[in-house]
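Asker: First, the structure itself, so that you have it in front of you.
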Amino acid sequence: QVQLVESGGGLVQPGGSLRLSCTASGSIFSGNVMGWYRQAPGKQRESVAAMNSAGNTVYADSMKGRVTISRDSTKNTVYLQMNSLKRDDTAVYYCKLTYRMNDYWGQGTQVTVSS
């Protein structure tokens, strides 16, 4: 089993930055993909960014150019650096780990962009 714990969310002003972290524990093997999703009130959950264990990344158009995903495999941790945040970025941000077609989700961390 895999457990994921996100942290780093909070209240930030428009134009500000936040860095989210997600640490995985349990039965973790190489070859997995870790990524970030978000869900705004009344909207479907959407992908933000993902990175595989080889370091390849993919970004969704919604935040491309404003976010950077990175990971520290020694700590089983993935990060999401978010810059130039907008009010529309307000959402619960979730971390996901995919391994052999199994998805594991964290509990989410709230990001609120407001003045």
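Ordering of the structure tokens sets the chain letters (A, B, ...), residue numbers begin anew at 1 in every chain, and ligands are numbered from 1 in the order given.
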Residues of segment 4-59 of chain A that have any atom at most 12 Å from an atom of segment 76-80 of chain A: could you tabulate them with the shortest-distance atom pair and the distance in Å to one decimal, using only C-alpha atoms, ordered by chain and increasing number, as CSV?
Answerer:
residue,atom,partner,partner_atom,distance
A:Leu4,CA,A:Thr77,CA,9.2
A:Val5,CA,A:Thr77,CA,9.4
A:Glu6,CA,A:Val78,CA,9.3
A:Ser7,CA,A:Tyr79,CA,9.6
A:Gly8,CA,A:Leu80,CA,9.4
A:Gly9,CA,A:Leu80,CA,10.5
A:Ser17,CA,A:Leu80,CA,10.4
A:Leu18,CA,A:Leu80,CA,8.1
A:Arg19,CA,A:Leu80,CA,5.6
A:Leu20,CA,A:Leu80,CA,5.0
A:Ser21,CA,A:Tyr79,CA,4.5
A:Cys22,CA,A:Val78,CA,5.3
A:Thr23,CA,A:Thr77,CA,4.3
A:Ala24,CA,A:Asn76,CA,5.4
A:Ser25,CA,A:Asn76,CA,7.3
A:Gly26,CA,A:Asn76,CA,10.0
A:Ser27,CA,A:Asn76,CA,10.9
A:Ile28,CA,A:Asn76,CA,8.1
A:Phe29,CA,A:Asn76,CA,9.8
A:Ser30,CA,A:Asn76,CA,10.1
A:Asn32,CA,A:Asn76,CA,10.6
A:Val33,CA,A:Val78,CA,10.0
A:Met34,CA,A:Val78,CA,6.9
A:Gly35,CA,A:Val78,CA,7.7
A:Trp36,CA,A:Leu80,CA,7.5
A:Tyr37,CA,A:Leu80,CA,10.4
A:Arg38,CA,A:Leu80,CA,11.7
A:Val48,CA,A:Leu80,CA,9.3
A:Ala49,CA,A:Leu80,CA,8.2
A:Ala50,CA,A:Val78,CA,9.3
A:Met51,CA,A:Val78,CA,8.5
A:Asn52,CA,A:Val78,CA,10.2
A:Ser53,CA,A:Asn76,CA,10.1
A:Gly55,CA,A:Val78,CA,11.1
A:Thr57,CA,A:Leu80,CA,11.8
A:Tyr59,CA,A:Leu80,CA,11.1
Asker: So which residues of chain A fall under strand (DSSP E or B) by DSSP, listed as a ChimeraX atom specification?
Answerer: /A:2-7,10-12,18-26,33-39,46-52,57-59,67-72,77-82,91-99,102-105,109-113
Asker: When you count only C-alpha atoms, which of these residues is closest to Gly42 of chain A: A:Ala91, A:Ile69, A:Val58, A:Val113?
Answerer: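 Checking each candidate against Gly42 of chain A, we get A:Ala91 as the closest.
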Asker: When you look at Gly10 of chain A with a cut-off of 8 Å (counting only C-alpha atoms), what residues show up, excluding the ones that are within fewer than 2 positions of it in the same chain? I need them as JSON, numbers by chain.
Answerer: {"A": [8, 12, 109, 110, 111, 112]}
Asker: Restricting the calculation to only C-alpha atoms: of A:Met101, A:Gln3, A:Gly31, A:Pro14, which residue gets closest to Asn83 of chain A?
Answerer: A:Pro14
